[in-house]
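Structure first, then comments.
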Amino acid sequence: MKITRLTVFQTDLTLEHPYWLSGGRLKFETLDATFVKLDTDQGLVGWGEGTPWGHTYVPAHGPGIRAGIETMAPFLLGRDPRKTLDIERTMDLALPGHLYAKAPIDMACWDIKAHAPGLPIADLMGANFGTPAPIASSVGAKTVEETRTVLARYRDRGYIVHSVKIGGDPNRDIARIRDVEAHRPKAERILYDVNRAWTRQQALQVMRATEDLGVMYEQPCETLDDIAALRPLHAAPVSVDESLVTLQDATRIARDGLAEVFGLKLNRVGGLTRAARMRDIALAHGIDMFVMATGGSVLADTEALHLAATIPPEHLLGVWACQDMLTDDIAPGRGPRATNGHLHLADAPGLGVHPDEHLLTKVATYA
Ligand code: MG
């Protein structure tokens with residue numbers, strides 16, 4: 001089987017509510033989404049998506065995905081999309097780094113690879129422990145009152161896992177954490193996501209002031225060095241998210257004991273092929289996981305759900321439904337949809353969802 005054509009589409013996905021990250025540090029209103037369609041000489045078609053969470057969140061750039069695909073396309077034409085390790089190496093030789101630009105190609109290849117035998121991607125990856133998986137909310141609020149309002153909105157929709165975005169003024173963060181913890185139902189799982197916003201001393205201030213609560217912090221500081229430096233100085237469990245990009249990051253976190261949880265985002269780490277290795281490192285070292293899209297439509301959510309389904313449920317803390325935060329739907333009526341705070345993977349071959357091409361703008365064809 002050979003790739004005969006790469007077609008690239010773009011659309012802007014509008015967020016229903018303007019989204020503030022880390023105590024108001026960064027504001028997001030639309031996401032620049034790239035979709036890739038791979039055609040093959042045997043008639044099988046695969047779809048991939050690359051939607052960074054804006055271009056100020058991590059080093060990932062919507063137009064950069066399209067530029068990266070333009071550079072890699074001549075090397076991908078004629079190759080067998082089912083040989084995902086060969087595709088990975090081909091992309092790495094054509095364009096070192098730029099994992100976020102490679103992720104949609106990897107996703108489209110897995111779609112074809114699983115369509116060929118008629119299996120869901122999760123099954124083809126070797127395990128499907130089943131869903132529904134609980135969806136983590138994304139509470140991008142700034143004040144105690146707003147946090148209560150947004151949490152209530154999610155709870156009304158059945159959410160039992162929450163990612164509360166903090167990382168503003170430390171005293172205000174402490175007040176928000178204490179308020180959330182005072183009102184939380186016991187069965188809920190809540191993660192406080194700092195998104196790198198704190199300096200080391202700010203992180204220590206909040207972590208020590210909340211030690212009695214035993215809450216978990218995600219990505220408290222900018223780098224793994226920062227997180228490592230703080231590690232002996234506090235007792236809080238930690239999840240690493242933005243600093244988990246490469247396999248080397250994963251091995252360092254596991255070896256040096258820097259975190260109890262991996263926040264695996266598919267676009268950031270370069271797709272399913274690479275994320276599966278991180279999953280295995282996590283499982284080998286007793287590290288639990290959140291698995292999610294970096295952003296995007298039901299396609300990106302579905303890709304994450306396939307990886308999530310390969311993780312024994314006791315090690316999977318949650319997934320995410322970015323689609324729920326958007327007013328645009330590029331695959332109406334298709335794919336897994338949030339139901340009572342959970343996402344369920346259908347028993348469909350391949351990715352199991354593809355976009356309506358008429359809702360996208362074609363921007364390039366390579367053949
Ligand atoms: Mg995070």
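Chain identifiers are assigned as A, B, and so on, following the order in which chains appear in the structure tokens; residues are numbered from 1 within each chain, and ligands are numbered from 1 in order of appearance.
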
Just the helix (DSSP H, G or I) stuff from range 141-317 of chain A, please, per backbone DSSP, written as a ChimeraX atom specification. /A:144-156,170-183,200-209,211-213,224-233,247-256,266-269,272-284,298-309,313-315

If we count only C-alpha atoms and set the cut-off at 8 Å, which residues sit around Leu26 in chain A, ignoring sequence neighbours fewer than 5 positions away in its own chain? Please answer as a list in words.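 What passes the distance filter is Trp20, Leu21, Thr56 and Tyr57 of chain A.
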
Output C-alpha atoms for every residue in that selection, as a tab-separated table (two decimals), in the first residue's frame.
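For reference, selection-v1.tsv as written:
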```
chain	number	residue	atom	x	y	z
A	20	TRP	CA	-8.28	32.10	30.36
A	21	LEU	CA	-5.30	29.98	31.25
A	56	THR	CA	1.01	30.88	23.13
A	57	TYR	CA	0.47	27.69	25.14
```

Just give me the gap between CA of Thr294 in chain A and CA of Arg268 in chain A in Å, one decimal is fine.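 So the two atoms, CA of Thr294 in chain A and CA of Arg268 in chain A, lie 6.6 Å apart.
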
Using only C-alpha atoms and all ligand atoms, I'd like a table of the residues in chain A that come within 8 Å of ligand 1; for each, show the closest atom pair and its distance in Å rounded to one decimal, ordered by chain and ascending number, as JSON lines.
```
{"residue": "A:Ser163", "atom": "CA", "partner": "ligand 1", "partner_atom_place_in_ligand_line": "1 (Mg)", "distance": 7.7}
{"residue": "A:Asp193", "atom": "CA", "partner": "ligand 1", "partner_atom_place_in_ligand_line": "1 (Mg)", "distance": 5.4}
{"residue": "A:Val194", "atom": "CA", "partner": "ligand 1", "partner_atom_place_in_ligand_line": "1 (Mg)", "distance": 7.2}
{"residue": "A:Asn195", "atom": "CA", "partner": "ligand 1", "partner_atom_place_in_ligand_line": "1 (Mg)", "distance": 5.6}
{"residue": "A:Glu218", "atom": "CA", "partner": "ligand 1", "partner_atom_place_in_ligand_line": "1 (Mg)", "distance": 6.0}
{"residue": "A:Gln219", "atom": "CA", "partner": "ligand 1", "partner_atom_place_in_ligand_line": "1 (Mg)", "distance": 6.7}
{"residue": "A:Val240", "atom": "CA", "partner": "ligand 1", "partner_atom_place_in_ligand_line": "1 (Mg)", "distance": 7.7}
{"residue": "A:Asp241", "atom": "CA", "partner": "ligand 1", "partner_atom_place_in_ligand_line": "1 (Mg)", "distance": 5.3}
{"residue": "A:Glu242", "atom": "CA", "partner": "ligand 1", "partner_atom_place_in_ligand_line": "1 (Mg)", "distance": 6.7}
{"residue": "A:Gly263", "atom": "CA", "partner": "ligand 1", "partner_atom_place_in_ligand_line": "1 (Mg)", "distance": 6.7}
```

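When the distance limit is 7 Å and only C-alpha atoms are what count, the residues near range 40-50 of chain A, minus those fewer than 2 positions from it on the same chain, are A:Met1, A:Lys2, A:Ile3, A:Thr4, A:Arg5, A:Ala33, A:Thr34, A:Phe35, A:Val36, A:Lys37, A:Leu38, A:Pro52, A:Ala103, A:Pro104, A:Ile105, A:Met107, A:Ala108, A:Cys109, A:Asp111, A:Ile112, A:Asn267, A:Leu299, A:Ala300, A:His354.
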
Nearest residue to Asp301 in chain A out of A:Leu316, A:Ala127, A:Leu345, A:Leu204, using only C-alpha atoms?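 For Asp301 in chain A, the nearest of the given residues is A:Leu345.
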
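Relative to CA of Ser137 in chain A, CA of Ile190 in chain A is found at 9.3 Å.
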
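For the residues A:Val238, A:Val139, A:Ala331, A:Ile160, ranking by smallest atom-to-atom distance to Leu258 in chain A using only C-alpha atoms places A:Val238 first.
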
Find the residues around Thr71 in chain A up to 8 Å (only C-alpha atoms counted), leave out those fewer than 3 positions away in its own chain, and share them as a list in words.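 The filter keeps Ala67, Gly68, Pro74, Ala94 and Leu95 of chain A.
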
Neighbouring residues of His61 in chain A were defined as those with any atom within 9 Å, considering only C-alpha atoms; residues of the same chain fewer than 6 positions away were excluded. Please report them as a PyMOL selection string. chain A and resi 32+51-55+100-101

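Nearest to Glu146 in chain A of all the residues A:Arg184, A:His162, A:Arg176, A:His344 is A:Arg176, counting only C-alpha atoms.
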
So, with only C-alpha atoms as the atoms that count, which of A:Ala114, A:Leu31, A:Asp86, A:Glu222 lies closest to Asp328 in chain A? A:Leu31

Measuring between only C-alpha atoms, which one of A:Thr90, A:Leu99, A:Arg148, A:Leu6 shows the shortest distance to Ala182 in chain A?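 Of the candidates, the smallest distance to Ala182 in chain A is held by A:Arg148.
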